[in-house]
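A.B. asks: Shown below is the structure under consideration.
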Amino acid sequence: MAAIGSRGTVTEFRGFNADEDAQKLRKGMKGVGTDESAIIEILSKRTIAQRQLIKQAFKKAVGKDLLDELKGELTGNFEKVVVGLLMPSPVYSAYELRNAIKGAGTDEGCLIDILASQNNQEMRAIIAAYKNEYGKDLEDDVCSDTSGMFQRVLVSLLTANRDESDSVDQAQAVQDAKDMFEAGEARWGTDEVKFLTVLCIRNRKHLLRVFEEYQKISNRDIEESIKREMSGNLEDAFLAIVKCLRNKPAFFAERLYKSMKGLGTTDSILIRVMVSRCEIDMLDIKAQFQKMYGKTLYSFIKGDCSGDYRNILLQLCGSDS
């Protein structure tokens with residue numbers, strides 16, 4: 001029943017009783033109106049594994065699917081958070097990817113957020129969940145909705161074949177940095193394949209050394225060069241890969257900040273990050289958020305959202321510190 005990460009705000013609930021929780025949820029949905037506070041209290045304080053047991057207990061006691069029942073009772077962004085919380089992690093990622101692809105237009109930002117931030121094992125689990133839920137190959141669906149070099153970067157990430165060792169080859173790191181410099185800053189036009197080969201295949205420790213060597217050769221940070229040399233979705237994809245390799249919690253802190261700053265809120269990003277990271281590394285994301293923006297994530301959510309939607313996000317965020 002343990003949490004899937006060790007730095008989450010959502011941790012294993014002690015004294016957990018799936019049958020009791022199922023009954024409380026049932027009571028909260030019976031009769032006129034819905035007791036949203038009971039739903040928030042239970043679902044935001046249980047791990048994904050514990051929520052799966054609540055779903056089983058609910059079906060056994062009521063003969064109905066908890067997810068379907070909640071969908072019938074709730075609406076809007078609050079419903080979207082609750083639906084996400086009830087899914088196992090790879091299933092939720094597959095669900096988000098499916099929504100990003102199907103229908104008119106593609107949410108490329110969602111594809112990048114999810115595909116650039118997984119390790120090989122997580123990626124394989126998402127691919128399997130996608131096949132299981134939708135009867136389709138994720139790679140085929142991504143290919144039918146994207147094109148060009150952006151598509152090739154996503155396909156490379158979907159192979160889930162990044163070297164995950166800790167070995168750093170100094171000579172190779174210098175060569176990789178040189179290859180990227182010569183493929184970009186040092187020539188007219190950009191040979192994006194060289195960037196793909198290095199950024200999508202090498203291990204994290206090696207790449208951090210590559211970025212140091214790149215700085216020495218070019219007098220520029222790799223992120224700055226990507227912004228100068230690329231544009232659009234391809235630029236966003238390469239930047240996300242670099243940022244996730246350097247500091248994943250900082251990457252998600254930035255995504256949260258951008259989802260809330262200025263006029264209006266990009267709720268799809270806010271919901272996806274809060275739901276998908278609350279059990280993994282939300283403590284680190286909160287710390288990075290405060291360090292980067294001088295305000296707490298809690299205060300941002302409190303000022304930007306309202307009602308039950310705000311309440312459940314604040315529970316997932318944890319204390320205002």
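As shown in the structure tokens, the chain order sets the letters A, B, ...; within each chain, residues go from 1, and ligands are also counted from 1 in the order they appear.
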Dump as CSV the rows for residues of segment 43-83 of chain A within 7 Å of segment 4-26 of chain A: closest atom pair and distance in Å with one decimal, only C-alpha atoms counted, ordered by chain and rising residue number.

C.D. replies:
```
residue,atom,partner,partner_atom,distance
A:Lys45,CA,A:Val10,CA,6.1
A:Arg46,CA,A:Phe13,CA,5.6
A:Thr47,CA,A:Glu12,CA,5.6
A:Leu53,CA,A:Ala18,CA,5.9
A:Ile54,CA,A:Ala18,CA,4.7
A:Ala57,CA,A:Asp19,CA,5.4
A:Phe58,CA,A:Ala22,CA,4.9
```

A.B. asks: Please write the residues from the selection above to a file, keeping N, CA and C atoms, as a short mmCIF file (atom, residue, chain, number, x, y, z; two decimals), in the first residue's frame.

C.D. replies:
```
data_model
loop_
_atom_site.label_atom_id
_atom_site.label_comp_id
_atom_site.auth_asym_id
_atom_site.auth_seq_id
_atom_site.Cartn_x
_atom_site.Cartn_y
_atom_site.Cartn_z
N LYS A 45 -6.23 11.77 0.85
CA LYS A 45 -5.39 11.29 1.95
C LYS A 45 -5.07 9.79 1.84
N ARG A 46 -5.31 9.23 0.66
CA ARG A 46 -5.00 7.82 0.45
C ARG A 46 -4.06 7.68 -0.75
N THR A 47 -3.20 6.68 -0.72
CA THR A 47 -2.30 6.46 -1.86
C THR A 47 -3.09 5.85 -3.03
N LEU A 53 -8.08 -0.26 -3.75
CA LEU A 53 -8.78 -1.15 -2.82
C LEU A 53 -10.15 -0.58 -2.45
N ILE A 54 -10.25 0.74 -2.34
CA ILE A 54 -11.54 1.39 -2.07
C ILE A 54 -12.49 1.14 -3.25
N ALA A 57 -13.74 -2.39 -2.92
CA ALA A 57 -14.68 -2.50 -1.79
C ALA A 57 -16.02 -1.88 -2.15
N PHE A 58 -15.99 -0.78 -2.87
CA PHE A 58 -17.22 -0.09 -3.28
C PHE A 58 -18.03 -0.97 -4.23
#
```

A.B. asks: List as a VMD selection string the protein and nucleic acid residues near segment 160-167 of chain A, meaning an atom at most 10 Å away when only C-alpha atoms are counted, but skip any in the same chain fewer than 5 places from it.

C.D. replies: chain A and resid 115 118 to 124 127 155 199 to 206

A.B. asks: Taking only C-alpha atoms into account, produce a table as JSON lines in which each residue of segment 235-316 of chain A with an atom at most 12 Å from an atom of segment 91-111 of chain A appears once, together with its shortest atom pair and the distance in Å to one decimal, ordered by chain and rising number.

C.D. replies:
```
{"residue": "A:Glu235", "atom": "CA", "partner": "A:Gly109", "partner_atom": "CA", "distance": 11.4}
{"residue": "A:Asp236", "atom": "CA", "partner": "A:Gly109", "partner_atom": "CA", "distance": 8.0}
{"residue": "A:Ala237", "atom": "CA", "partner": "A:Gly109", "partner_atom": "CA", "distance": 8.5}
{"residue": "A:Leu239", "atom": "CA", "partner": "A:Gly109", "partner_atom": "CA", "distance": 11.8}
{"residue": "A:Ala240", "atom": "CA", "partner": "A:Gly109", "partner_atom": "CA", "distance": 9.9}
{"residue": "A:Arg255", "atom": "CA", "partner": "A:Gly109", "partner_atom": "CA", "distance": 10.0}
{"residue": "A:Ser259", "atom": "CA", "partner": "A:Gly109", "partner_atom": "CA", "distance": 11.5}
{"residue": "A:Thr266", "atom": "CA", "partner": "A:Gly109", "partner_atom": "CA", "distance": 11.3}
{"residue": "A:Ser268", "atom": "CA", "partner": "A:Cys110", "partner_atom": "CA", "distance": 8.7}
{"residue": "A:Ile269", "atom": "CA", "partner": "A:Cys110", "partner_atom": "CA", "distance": 7.6}
{"residue": "A:Leu270", "atom": "CA", "partner": "A:Cys110", "partner_atom": "CA", "distance": 11.3}
{"residue": "A:Ile271", "atom": "CA", "partner": "A:Glu96", "partner_atom": "CA", "distance": 10.6}
{"residue": "A:Arg272", "atom": "CA", "partner": "A:Glu96", "partner_atom": "CA", "distance": 7.9}
{"residue": "A:Val273", "atom": "CA", "partner": "A:Cys110", "partner_atom": "CA", "distance": 10.3}
{"residue": "A:Val275", "atom": "CA", "partner": "A:Tyr92", "partner_atom": "CA", "distance": 8.9}
{"residue": "A:Ser276", "atom": "CA", "partner": "A:Tyr92", "partner_atom": "CA", "distance": 7.8}
{"residue": "A:Arg277", "atom": "CA", "partner": "A:Ser93", "partner_atom": "CA", "distance": 11.2}
```

A.B. asks: Between atom CA of Leu85 of chain A and atom CA of Asp267 of chain A, what is the spacing in Å?

C.D. replies: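 One can read the atom CA of Asp267 of chain A to atom CA of Leu85 of chain A distance as 15.4 Å.
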
A.B. asks: Figure out the distance between atom CA of Gln175 of chain A and atom CA of Lys216 of chain A, please, to one decimal in Å.

C.D. replies: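 For atom CA of Lys216 of chain A relative to atom CA of Gln175 of chain A, the distance reads 12.5 Å.
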
A.B. asks: What's the separation between atom CA of Met260 of chain A and atom CA of Cys305 of chain A, in Å to one decimal place?

C.D. replies: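 Computing the Euclidean distance for atom CA of Met260 of chain A and atom CA of Cys305 of chain A yields 9.1 Å.
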
A.B. asks: Using only C-alpha atoms, find the one residue out of A:Val83, A:Ala2, A:Val168, A:Cys278 that sits nearest to Ala49 of chain A.

C.D. replies: A:Ala2
